[in-house]
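Asks: Got a file for you: query_23.pdb, PDB, N, CA and C atoms.
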```
ATOM      1  N   MET A  64      19.696  21.501 -53.201
ATOM      2  CA  MET A  64      19.208  20.425 -54.028
ATOM      3  C   MET A  64      19.184  20.801 -55.505
ATOM      4  N   ASP A  65      19.621  21.990 -55.824
ATOM      5  CA  ASP A  65      19.636  22.410 -57.217
ATOM      6  C   ASP A  65      20.709  21.702 -58.030
ATOM      7  N   GLN A  66      21.701  21.132 -57.363
ATOM      8  CA  GLN A  66      22.774  20.472 -58.101
ATOM      9  C   GLN A  66      22.377  19.080 -58.589
ATOM     10  N   TYR A  67      21.258  18.554 -58.091
ATOM     11  CA  TYR A  67      20.816  17.224 -58.490
ATOM     12  C   TYR A  67      19.692  17.331 -59.517
ATOM     13  N   PRO A  68      19.780  16.555 -60.591
ATOM     14  CA  PRO A  68      18.667  16.562 -61.551
ATOM     15  C   PRO A  68      17.419  15.912 -60.945
ATOM     16  N   LYS A  69      16.294  16.352 -61.385
ATOM     17  CA  LYS A  69      15.036  15.842 -60.833
ATOM     18  C   LYS A  69      14.852  14.354 -61.114
ATOM     19  N   TRP A  70      15.306  13.874 -62.275
ATOM     20  CA  TRP A  70      15.160  12.454 -62.589
ATOM     21  C   TRP A  70      15.995  11.603 -61.641
ATOM     22  N   PHE A  71      17.157  12.112 -61.226
ATOM     23  CA  PHE A  71      18.001  11.357 -60.302
ATOM     24  C   PHE A  71      17.356  11.275 -58.921
ATOM     25  N   LEU A  72      16.800  12.374 -58.460
ATOM     26  CA  LEU A  72      16.124  12.362 -57.167
ATOM     27  C   LEU A  72      14.877  11.490 -57.200
ATOM     28  N   ALA A  73      14.153  11.514 -58.315
ATOM     29  CA  ALA A  73      12.968  10.659 -58.439
ATOM     30  C   ALA A  73      13.349   9.184 -58.481
ATOM     31  N   LEU A  74      14.476   8.867 -59.083
ATOM     32  CA  LEU A  74      14.951   7.485 -59.126
ATOM     33  C   LEU A  74      15.470   7.044 -57.771
ATOM     34  N   ASN A  75      16.044   7.938 -57.020
ATOM     35  CA  ASN A  75      16.691   7.611 -55.759
ATOM     36  C   ASN A  75      15.747   7.689 -54.558
ATOM     37  N   PHE A  76      14.700   8.464 -54.633
ATOM     38  CA  PHE A  76      13.791   8.681 -53.511
ATOM     39  C   PHE A  76      13.160   7.401 -52.975
ATOM     40  N   PRO A  77      12.698   6.466 -53.815
ATOM     41  CA  PRO A  77      12.093   5.241 -53.274
ATOM     42  C   PRO A  77      13.057   4.391 -52.445
ATOM     43  N   ASN A  78      14.362   4.559 -52.625
ATOM     44  CA  ASN A  78      15.294   3.801 -51.794
ATOM     45  C   ASN A  78      15.104   4.134 -50.317
ATOM     46  N   ILE A  79      14.851   5.374 -50.016
ATOM     47  CA  ILE A  79      14.634   5.770 -48.617
ATOM     48  C   ILE A  79      13.242   5.371 -48.156
ATOM     49  N   ILE A  80      12.233   5.703 -48.937
ATOM     50  CA  ILE A  80      10.848   5.485 -48.509
ATOM     51  C   ILE A  80      10.552   4.000 -48.343
ATOM     52  N   LEU A  81      10.896   3.192 -49.326
ATOM     53  CA  LEU A  81      10.606   1.766 -49.250
ATOM     54  C   LEU A  81      11.392   1.100 -48.126
ATOM     55  N   ALA A  82      12.638   1.512 -47.928
ATOM     56  CA  ALA A  82      13.430   0.930 -46.842
ATOM     57  C   ALA A  82      12.841   1.287 -45.482
ATOM     58  N   MET A  83      12.338   2.493 -45.328
ATOM     59  CA  MET A  83      11.743   2.881 -44.046
ATOM     60  C   MET A  83      10.426   2.143 -43.798
ATOM     61  N   VAL A  84       9.678   1.863 -44.840
ATOM     62  CA  VAL A  84       8.447   1.089 -44.675
ATOM     63  C   VAL A  84       8.779  -0.360 -44.322
ATOM     64  N   LEU A  85       9.760  -0.928 -44.996
ATOM     65  CA  LEU A  85      10.132  -2.318 -44.733
ATOM     66  C   LEU A  85      10.835  -2.496 -43.394
ATOM     67  N   MET A  86      11.404  -1.426 -42.864
ATOM     68  CA  MET A  86      12.082  -1.485 -41.572
ATOM     69  C   MET A  86      11.143  -2.003 -40.483
ATOM     70  N   VAL A  87       9.909  -1.588 -40.525
ATOM     71  CA  VAL A  87       8.946  -2.002 -39.512
ATOM     72  C   VAL A  87       8.785  -3.515 -39.509
ATOM     73  N   PHE A  88       8.724  -4.112 -40.676
ATOM     74  CA  PHE A  88       8.543  -5.561 -40.753
ATOM     75  C   PHE A  88       9.787  -6.316 -40.301
ATOM     76  N   PHE A  89      10.962  -5.802 -40.643
ATOM     77  CA  PHE A  89      12.187  -6.503 -40.282
ATOM     78  C   PHE A  89      12.534  -6.321 -38.808
ATOM     79  N   MET A  90      12.234  -5.158 -38.236
ATOM     80  CA  MET A  90      12.583  -4.936 -36.831
ATOM     81  C   MET A  90      11.541  -5.481 -35.873
ATOM     82  N   PHE A  91      10.266  -5.305 -36.200
ATOM     83  CA  PHE A  91       9.207  -5.655 -35.262
ATOM     84  C   PHE A  91       8.281  -6.756 -35.760
ATOM     85  N   GLY A  92       8.446  -7.196 -37.000
ATOM     86  CA  GLY A  92       7.537  -8.176 -37.562
ATOM     87  C   GLY A  92       7.911  -9.617 -37.287
ATOM     88  N   GLY A  93       9.069  -9.848 -36.707
ATOM     89  CA  GLY A  93       9.478 -11.214 -36.392
ATOM     90  C   GLY A  93       9.891 -12.014 -37.611
ATOM     91  N   LEU A  94      10.353 -11.345 -38.658
ATOM     92  CA  LEU A  94      10.804 -12.064 -39.843
ATOM     93  C   LEU A  94      12.151 -12.735 -39.578
ATOM     94  N   HIS A  95      12.247 -13.980 -39.973
ATOM     95  CA  HIS A  95      13.505 -14.721 -39.900
ATOM     96  C   HIS A  95      13.729 -15.410 -41.243
ATOM     97  N   PRO A  96      14.092 -14.646 -42.287
ATOM     98  CA  PRO A  96      14.215 -15.243 -43.623
ATOM     99  C   PRO A  96      15.373 -16.229 -43.733
ATOM    100  N   LEU A  97      16.341 -16.129 -42.857
ATOM    101  CA  LEU A  97      17.491 -17.032 -42.909
ATOM    102  C   LEU A  97      17.357 -18.189 -41.931
ATOM    103  N   GLY A  98      16.246 -18.264 -41.225
ATOM    104  CA  GLY A  98      16.003 -19.358 -40.300
ATOM    105  C   GLY A  98      16.517 -19.048 -38.905
ATOM    106  N   ASP A  99      16.337 -20.025 -38.016
ATOM    107  CA  ASP A  99      16.805 -19.914 -36.640
ATOM    108  C   ASP A  99      17.871 -20.961 -36.377
ATOM    109  N   VAL A 100      18.803 -20.634 -35.496
ATOM    110  CA  VAL A 100      19.859 -21.567 -35.106
ATOM    111  C   VAL A 100      19.932 -21.597 -33.587
ATOM    112  N   GLU A 101      20.578 -22.628 -33.065
ATOM    113  CA  GLU A 101      20.690 -22.797 -31.620
ATOM    114  C   GLU A 101      21.773 -21.910 -31.012
ATOM    115  N   SER A 102      22.845 -21.686 -31.728
ATOM    116  CA  SER A 102      23.973 -20.920 -31.208
ATOM    117  C   SER A 102      23.611 -19.437 -31.072
ATOM    118  N   ILE A 103      23.988 -18.852 -29.955
ATOM    119  CA  ILE A 103      23.715 -17.433 -29.734
ATOM    120  C   ILE A 103      24.534 -16.578 -30.697
ATOM    121  N   PHE A 104      25.780 -16.961 -30.944
ATOM    122  CA  PHE A 104      26.641 -16.204 -31.857
ATOM    123  C   PHE A 104      26.072 -16.193 -33.267
ATOM    124  N   TRP A 105      25.721 -17.365 -33.791
ATOM    125  CA  TRP A 105      25.204 -17.430 -35.156
ATOM    126  C   TRP A 105      23.816 -16.815 -35.260
ATOM    127  N   SER A 106      23.065 -16.870 -34.189
ATOM    128  CA  SER A 106      21.773 -16.192 -34.173
ATOM    129  C   SER A 106      21.963 -14.684 -34.291
ATOM    130  N   PHE A 107      22.972 -14.144 -33.605
ATOM    131  CA  PHE A 107      23.281 -12.716 -33.708
ATOM    132  C   PHE A 107      23.761 -12.353 -35.108
ATOM    133  N   VAL A 108      24.595 -13.197 -35.702
ATOM    134  CA  VAL A 108      25.093 -12.945 -37.056
ATOM    135  C   VAL A 108      23.933 -12.927 -38.053
ATOM    136  N   LEU A 109      23.010 -13.874 -37.942
ATOM    137  CA  LEU A 109      21.849 -13.905 -38.830
ATOM    138  C   LEU A 109      20.951 -12.681 -38.608
ATOM    139  N   TYR A 110      20.844 -12.228 -37.370
ATOM    140  CA  TYR A 110      20.062 -11.019 -37.079
ATOM    141  C   TYR A 110      20.681  -9.801 -37.757
ATOM    142  N   VAL A 111      21.997  -9.668 -37.669
ATOM    143  CA  VAL A 111      22.674  -8.525 -38.291
ATOM    144  C   VAL A 111      22.511  -8.561 -39.806
ATOM    145  N   ILE A 112      22.661  -9.732 -40.398
ATOM    146  CA  ILE A 112      22.496  -9.864 -41.855
ATOM    147  C   ILE A 112      21.062  -9.516 -42.253
ATOM    148  N   THR A 113      20.096  -9.960 -41.466
ATOM    149  CA  THR A 113      18.698  -9.645 -41.753
ATOM    150  C   THR A 113      18.445  -8.144 -41.666
ATOM    151  N   GLN A 114      19.035  -7.473 -40.692
ATOM    152  CA  GLN A 114      18.848  -6.035 -40.559
ATOM    153  C   GLN A 114      19.544  -5.263 -41.673
ATOM    154  N   LEU A 115      20.621  -5.822 -42.208
ATOM    155  CA  LEU A 115      21.309  -5.164 -43.325
ATOM    156  C   LEU A 115      20.438  -5.094 -44.574
ATOM    157  N   ILE A 116      19.453  -5.975 -44.668
ATOM    158  CA  ILE A 116      18.579  -5.974 -45.841
ATOM    159  C   ILE A 116      17.827  -4.650 -45.960
ATOM    160  N   TRP A 117      17.456  -4.027 -44.858
ATOM    161  CA  TRP A 117      16.775  -2.739 -44.958
ATOM    162  C   TRP A 117      17.714  -1.561 -44.715
ATOM    163  N   VAL A 118      18.866  -1.777 -44.085
ATOM    164  CA  VAL A 118      19.792  -0.679 -43.823
ATOM    165  C   VAL A 118      20.619  -0.338 -45.070
ATOM    166  N   LEU A 119      21.010  -1.331 -45.841
ATOM    167  CA  LEU A 119      21.856  -1.097 -47.013
ATOM    168  C   LEU A 119      21.253  -0.136 -48.037
ATOM    169  N   PRO A 120      19.954  -0.209 -48.363
ATOM    170  CA  PRO A 120      19.419   0.786 -49.304
ATOM    171  C   PRO A 120      19.517   2.221 -48.794
ATOM    172  N   ILE A 121      19.397   2.421 -47.491
ATOM    173  CA  ILE A 121      19.536   3.768 -46.935
ATOM    174  C   ILE A 121      20.980   4.239 -47.062
ATOM    175  N   ILE A 122      21.922   3.348 -46.765
ATOM    176  CA  ILE A 122      23.339   3.686 -46.916
ATOM    177  C   ILE A 122      23.660   3.985 -48.376
ATOM    178  N   LEU A 123      23.137   3.161 -49.283
ATOM    179  CA  LEU A 123      23.385   3.376 -50.708
ATOM    180  C   LEU A 123      22.748   4.672 -51.206
ATOM    181  N   PHE A 124      21.628   5.076 -50.618
ATOM    182  CA  PHE A 124      21.022   6.362 -50.964
ATOM    183  C   PHE A 124      21.991   7.503 -50.681
ATOM    184  N   PHE A 125      22.551   7.511 -49.490
ATOM    185  CA  PHE A 125      23.459   8.591 -49.132
ATOM    186  C   PHE A 125      24.759   8.525 -49.922
ATOM    187  N   ILE A 126      25.246   7.328 -50.202
ATOM    188  CA  ILE A 126      26.448   7.213 -51.039
ATOM    189  C   ILE A 126      26.174   7.776 -52.424
ATOM    190  N   SER A 127      25.000   7.476 -52.985
ATOM    191  CA  SER A 127      24.692   7.974 -54.326
ATOM    192  C   SER A 127      24.527   9.494 -54.335
ATOM    193  N   ILE A 128      23.937  10.056 -53.284
ATOM    194  CA  ILE A 128      23.803  11.514 -53.209
ATOM    195  C   ILE A 128      25.183  12.173 -53.124
ATOM    196  N   PHE A 129      26.042  11.637 -52.255
ATOM    197  CA  PHE A 129      27.391  12.203 -52.131
ATOM    198  C   PHE A 129      28.195  11.993 -53.408
ATOM    199  N   ALA A 130      28.051  10.831 -54.036
ATOM    200  CA  ALA A 130      28.797  10.558 -55.269
ATOM    201  C   ALA A 130      28.381  11.523 -56.379
ATOM    202  N   TRP A 131      27.101  11.824 -56.473
ATOM    203  CA  TRP A 131      26.659  12.782 -57.492
ATOM    204  C   TRP A 131      27.240  14.160 -57.210
ATOM    205  N   GLY A 132      27.283  14.532 -55.938
ATOM    206  CA  GLY A 132      27.869  15.818 -55.579
ATOM    207  C   GLY A 132      29.360  15.887 -55.871
ATOM    208  N   TRP A 133      30.038  14.739 -55.854
ATOM    209  CA  TRP A 133      31.465  14.674 -56.157
ATOM    210  C   TRP A 133      31.723  14.440 -57.640
ATOM    211  N   ALA A 134      30.696  14.589 -58.473
ATOM    212  CA  ALA A 134      30.778  14.423 -59.924
ATOM    213  C   ALA A 134      31.154  12.995 -60.317
ATOM    214  N   ARG A 135      30.628  12.030 -59.609
ATOM    215  CA  ARG A 135      30.802  10.616 -59.936
ATOM    216  C   ARG A 135      29.423  10.044 -60.297
ATOM    217  N   GLU A 136      28.938  10.454 -61.464
ATOM    218  CA  GLU A 136      27.575  10.103 -61.857
ATOM    219  C   GLU A 136      27.382   8.607 -62.039
ATOM    220  N   ARG A 137      28.364   7.946 -62.602
ATOM    221  CA  ARG A 137      28.238   6.508 -62.849
ATOM    222  C   ARG A 137      28.133   5.739 -61.528
ATOM    223  N   LEU A 138      28.947   6.095 -60.544
ATOM    224  CA  LEU A 138      28.888   5.479 -59.224
ATOM    225  C   LEU A 138      27.556   5.785 -58.549
ATOM    226  N   ALA A 139      27.076   7.011 -58.699
ATOM    227  CA  ALA A 139      25.810   7.407 -58.080
ATOM    228  C   ALA A 139      24.645   6.595 -58.634
ATOM    229  N   ILE A 140      24.593   6.432 -59.928
ATOM    230  CA  ILE A 140      23.504   5.663 -60.543
ATOM    231  C   ILE A 140      23.633   4.188 -60.196
ATOM    232  N   GLY A 141      24.855   3.678 -60.131
ATOM    233  CA  GLY A 141      25.072   2.282 -59.743
ATOM    234  C   GLY A 141      24.623   2.007 -58.322
ATOM    235  N   CYS A 142      24.929   2.914 -57.407
ATOM    236  CA  CYS A 142      24.484   2.747 -56.014
ATOM    237  C   CYS A 142      22.968   2.830 -55.915
ATOM    238  N   CYS A 143      22.381   3.708 -56.701
ATOM    239  CA  CYS A 143      20.928   3.833 -56.716
ATOM    240  C   CYS A 143      20.274   2.537 -57.209
ATOM    241  N   CYS A 144      20.809   1.968 -58.261
ATOM    242  CA  CYS A 144      20.267   0.713 -58.791
ATOM    243  C   CYS A 144      20.482  -0.445 -57.826
ATOM    244  N   ALA A 145      21.625  -0.473 -57.156
ATOM    245  CA  ALA A 145      21.874  -1.516 -56.158
ATOM    246  C   ALA A 145      20.889  -1.398 -55.006
ATOM    247  N   GLY A 146      20.570  -0.175 -54.608
ATOM    248  CA  GLY A 146      19.564   0.029 -53.572
ATOM    249  C   GLY A 146      18.197  -0.470 -53.997
ATOM    250  N   TRP A 147      17.849  -0.230 -55.268
ATOM    251  CA  TRP A 147      16.580  -0.748 -55.795
ATOM    252  C   TRP A 147      16.539  -2.268 -55.750
ATOM    253  N   ILE A 148      17.629  -2.912 -56.128
ATOM    254  CA  ILE A 148      17.674  -4.379 -56.143
ATOM    255  C   ILE A 148      17.515  -4.927 -54.735
ATOM    256  N   ILE A 149      18.201  -4.336 -53.781
ATOM    257  CA  ILE A 149      18.095  -4.807 -52.394
ATOM    258  C   ILE A 149      16.689  -4.538 -51.847
ATOM    259  N   ASN A 150      16.103  -3.406 -52.202
ATOM    260  CA  ASN A 150      14.726  -3.127 -51.777
ATOM    261  C   ASN A 150      13.740  -4.133 -52.359
ATOM    262  N   MET A 151      13.925  -4.508 -53.598
ATOM    263  CA  MET A 151      13.030  -5.499 -54.200
ATOM    264  C   MET A 151      13.205  -6.865 -53.541
ATOM    265  N   LEU A 152      14.432  -7.216 -53.186
ATOM    266  CA  LEU A 152      14.685  -8.457 -52.444
ATOM    267  C   LEU A 152      13.982  -8.413 -51.094
ATOM    268  N   ALA A 153      14.082  -7.293 -50.391
ATOM    269  CA  ALA A 153      13.430  -7.155 -49.090
ATOM    270  C   ALA A 153      11.917  -7.213 -49.232
ATOM    271  N   LEU A 154      11.388  -6.585 -50.258
ATOM    272  CA  LEU A 154       9.941  -6.632 -50.488
ATOM    273  C   LEU A 154       9.495  -8.057 -50.787
ATOM    274  N   TYR A 155      10.269  -8.782 -51.557
ATOM    275  CA  TYR A 155       9.958 -10.193 -51.840
ATOM    276  C   TYR A 155       9.961 -11.021 -50.561
ATOM    277  N   ILE A 156      10.941 -10.776 -49.689
ATOM    278  CA  ILE A 156      11.003 -11.518 -48.429
ATOM    279  C   ILE A 156       9.782 -11.240 -47.560
ATOM    280  N   VAL A 157       9.354  -9.984 -47.507
ATOM    281  CA  VAL A 157       8.196  -9.629 -46.695
ATOM    282  C   VAL A 157       6.926 -10.242 -47.272
ATOM    283  N   VAL A 158       6.774 -10.194 -48.579
ATOM    284  CA  VAL A 158       5.554 -10.725 -49.209
ATOM    285  C   VAL A 158       5.522 -12.251 -49.126
ATOM    286  N   ALA A 159       6.677 -12.891 -49.276
ATOM    287  CA  ALA A 159       6.730 -14.351 -49.263
ATOM    288  C   ALA A 159       6.581 -14.927 -47.852
ATOM    289  N   SER A 160       6.806 -14.115 -46.834
ATOM    290  CA  SER A 160       6.730 -14.628 -45.456
ATOM    291  C   SER A 160       5.318 -14.699 -44.954
TER
END
```
Output the file's structure as structure tokens, nothing else.
Replies:
Amino acid sequence: MDQYPKWFLALNFPNIILAMVLMVFFMFGGLHPLGDVESIFWSFVLYVITQLIWVLPIILFFISIFAWGWARERLAIGCCCAGWIINMLALYIVVAS
């Protein structure tokens, strides 16, 4: 972890923690932010999209860590910021529900 600056890890760390906290609400809380439909196929598609709301910040965390290790600082910071935006959207969905 010596190759990563402390400010980058501090900026990126909440992407994992907040996503893991919000995971409980999306998996077990019965949230349906996109509504319910009658079709089994479209219900599955909406479920997958809903689960991506908390999975994407975790994926973006690892992409940003790997990108920084590959000397792609701009991509790493962009992925970190995208993870923050998705986490804030997920937090808004949980609070508004």
Asks: Check what the PyMOL selection byres ((chain A and resi 85-91) around 8) selects in the file above and give those residues as JSON, numbers by chain.
Replies: {"A": [79, 80, 81, 82, 83, 84, 92, 93, 94, 95, 113, 114, 116, 117, 118, 153, 154, 157]}
Asks: Please, what distance in Å, to one decimal, runs between atom C of Phe71 of chain A and atom N of Leu152 of chain A?
Replies: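 Spanning atom C of Phe71 of chain A to atom N of Leu152 of chain A is a straight-line distance of 19.6 Å.
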Asks: Quick check on the file I pasted: which residues fall under the PyMOL selection byres ((chain A and resi 146) around 8)? Write them as a PDB file with N, CA and C atoms, in the frame of the given file.
Replies:
```pdb
ATOM      1  N   PRO A  77      12.698   6.466 -53.815  1.00  0.00           N
ATOM      2  CA  PRO A  77      12.093   5.241 -53.274  1.00  0.00           C
ATOM      3  C   PRO A  77      13.057   4.391 -52.445  1.00  0.00           C
ATOM      4  N   ASN A  78      14.362   4.559 -52.625  1.00  0.00           N
ATOM      5  CA  ASN A  78      15.294   3.801 -51.794  1.00  0.00           C
ATOM      6  C   ASN A  78      15.104   4.134 -50.317  1.00  0.00           C
ATOM      7  N   ILE A  79      14.851   5.374 -50.016  1.00  0.00           N
ATOM      8  CA  ILE A  79      14.634   5.770 -48.617  1.00  0.00           C
ATOM      9  C   ILE A  79      13.242   5.371 -48.156  1.00  0.00           C
ATOM     10  N   LEU A 119      21.010  -1.331 -45.841  1.00  0.00           N
ATOM     11  CA  LEU A 119      21.856  -1.097 -47.013  1.00  0.00           C
ATOM     12  C   LEU A 119      21.253  -0.136 -48.037  1.00  0.00           C
ATOM     13  N   PRO A 120      19.954  -0.209 -48.363  1.00  0.00           N
ATOM     14  CA  PRO A 120      19.419   0.786 -49.304  1.00  0.00           C
ATOM     15  C   PRO A 120      19.517   2.221 -48.794  1.00  0.00           C
ATOM     16  N   ILE A 121      19.397   2.421 -47.491  1.00  0.00           N
ATOM     17  CA  ILE A 121      19.536   3.768 -46.935  1.00  0.00           C
ATOM     18  C   ILE A 121      20.980   4.239 -47.062  1.00  0.00           C
ATOM     19  N   ILE A 122      21.922   3.348 -46.765  1.00  0.00           N
ATOM     20  CA  ILE A 122      23.339   3.686 -46.916  1.00  0.00           C
ATOM     21  C   ILE A 122      23.660   3.985 -48.376  1.00  0.00           C
ATOM     22  N   LEU A 123      23.137   3.161 -49.283  1.00  0.00           N
ATOM     23  CA  LEU A 123      23.385   3.376 -50.708  1.00  0.00           C
ATOM     24  C   LEU A 123      22.748   4.672 -51.206  1.00  0.00           C
ATOM     25  N   PHE A 124      21.628   5.076 -50.618  1.00  0.00           N
ATOM     26  CA  PHE A 124      21.022   6.362 -50.964  1.00  0.00           C
ATOM     27  C   PHE A 124      21.991   7.503 -50.681  1.00  0.00           C
ATOM     28  N   ILE A 140      24.593   6.432 -59.928  1.00  0.00           N
ATOM     29  CA  ILE A 140      23.504   5.663 -60.543  1.00  0.00           C
ATOM     30  C   ILE A 140      23.633   4.188 -60.196  1.00  0.00           C
ATOM     31  N   GLY A 141      24.855   3.678 -60.131  1.00  0.00           N
ATOM     32  CA  GLY A 141      25.072   2.282 -59.743  1.00  0.00           C
ATOM     33  C   GLY A 141      24.623   2.007 -58.322  1.00  0.00           C
ATOM     34  N   CYS A 142      24.929   2.914 -57.407  1.00  0.00           N
ATOM     35  CA  CYS A 142      24.484   2.747 -56.014  1.00  0.00           C
ATOM     36  C   CYS A 142      22.968   2.830 -55.915  1.00  0.00           C
ATOM     37  N   CYS A 143      22.381   3.708 -56.701  1.00  0.00           N
ATOM     38  CA  CYS A 143      20.928   3.833 -56.716  1.00  0.00           C
ATOM     39  C   CYS A 143      20.274   2.537 -57.209  1.00  0.00           C
ATOM     40  N   CYS A 144      20.809   1.968 -58.261  1.00  0.00           N
ATOM     41  CA  CYS A 144      20.267   0.713 -58.791  1.00  0.00           C
ATOM     42  C   CYS A 144      20.482  -0.445 -57.826  1.00  0.00           C
ATOM     43  N   ALA A 145      21.625  -0.473 -57.156  1.00  0.00           N
ATOM     44  CA  ALA A 145      21.874  -1.516 -56.158  1.00  0.00           C
ATOM     45  C   ALA A 145      20.889  -1.398 -55.006  1.00  0.00           C
ATOM     46  N   TRP A 147      17.849  -0.230 -55.268  1.00  0.00           N
ATOM     47  CA  TRP A 147      16.580  -0.748 -55.795  1.00  0.00           C
ATOM     48  C   TRP A 147      16.539  -2.268 -55.750  1.00  0.00           C
ATOM     49  N   ILE A 148      17.629  -2.912 -56.128  1.00  0.00           N
ATOM     50  CA  ILE A 148      17.674  -4.379 -56.143  1.00  0.00           C
ATOM     51  C   ILE A 148      17.515  -4.927 -54.735  1.00  0.00           C
ATOM     52  N   ILE A 149      18.201  -4.336 -53.781  1.00  0.00           N
ATOM     53  CA  ILE A 149      18.095  -4.807 -52.394  1.00  0.00           C
ATOM     54  C   ILE A 149      16.689  -4.538 -51.847  1.00  0.00           C
ATOM     55  N   ASN A 150      16.103  -3.406 -52.202  1.00  0.00           N
ATOM     56  CA  ASN A 150      14.726  -3.127 -51.777  1.00  0.00           C
ATOM     57  C   ASN A 150      13.740  -4.133 -52.359  1.00  0.00           C
ATOM     58  N   MET A 151      13.925  -4.508 -53.598  1.00  0.00           N
ATOM     59  CA  MET A 151      13.030  -5.499 -54.200  1.00  0.00           C
ATOM     60  C   MET A 151      13.205  -6.865 -53.541  1.00  0.00           C
ATOM     61  N   LEU A 152      14.432  -7.216 -53.186  1.00  0.00           N
ATOM     62  CA  LEU A 152      14.685  -8.457 -52.444  1.00  0.00           C
ATOM     63  C   LEU A 152      13.982  -8.413 -51.094  1.00  0.00           C
TER      64      LEU A 152
END
```
Asks: Just list as a PyMOL selection string whatever in chain A DSSP marks as alpha helix (DSSP H).
Replies: chain A and resi 69-91+103-132+136-159
Asks: Work out how far apart atom C of Phe76 of chain A and atom C of Val108 of chain A are and give it in Å to one decimal.
Replies: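 Answer for the atom C of Phe76 of chain A to atom C of Val108 of chain A separation: 27.4 Å.
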Asks: Given only C-alpha atoms as the basis, pick out the residue of A:Leu109, A:Ile126, A:Ala159, A:Leu72 nearest to Leu97 of chain A.
Replies: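 Comparing A:Leu109, A:Ile126, A:Ala159, A:Leu72 against Leu97 of chain A, the winner is A:Leu109.
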Asks: Out of A:Arg135, A:Pro96, A:Ile128, A:Lys69, which residue has the shortest atom-to-atom distance to Ser160 of chain A when counting all atoms listed in the file?
Replies: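 Using all atoms listed in the file, Ser160 of chain A sits closest to A:Pro96.
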Asks: Work out how far apart atom C of Trp133 of chain A and atom C of Ala73 of chain A are and give it in Å to one decimal.
Replies: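 Interatomic distance here is 19.1 Å.
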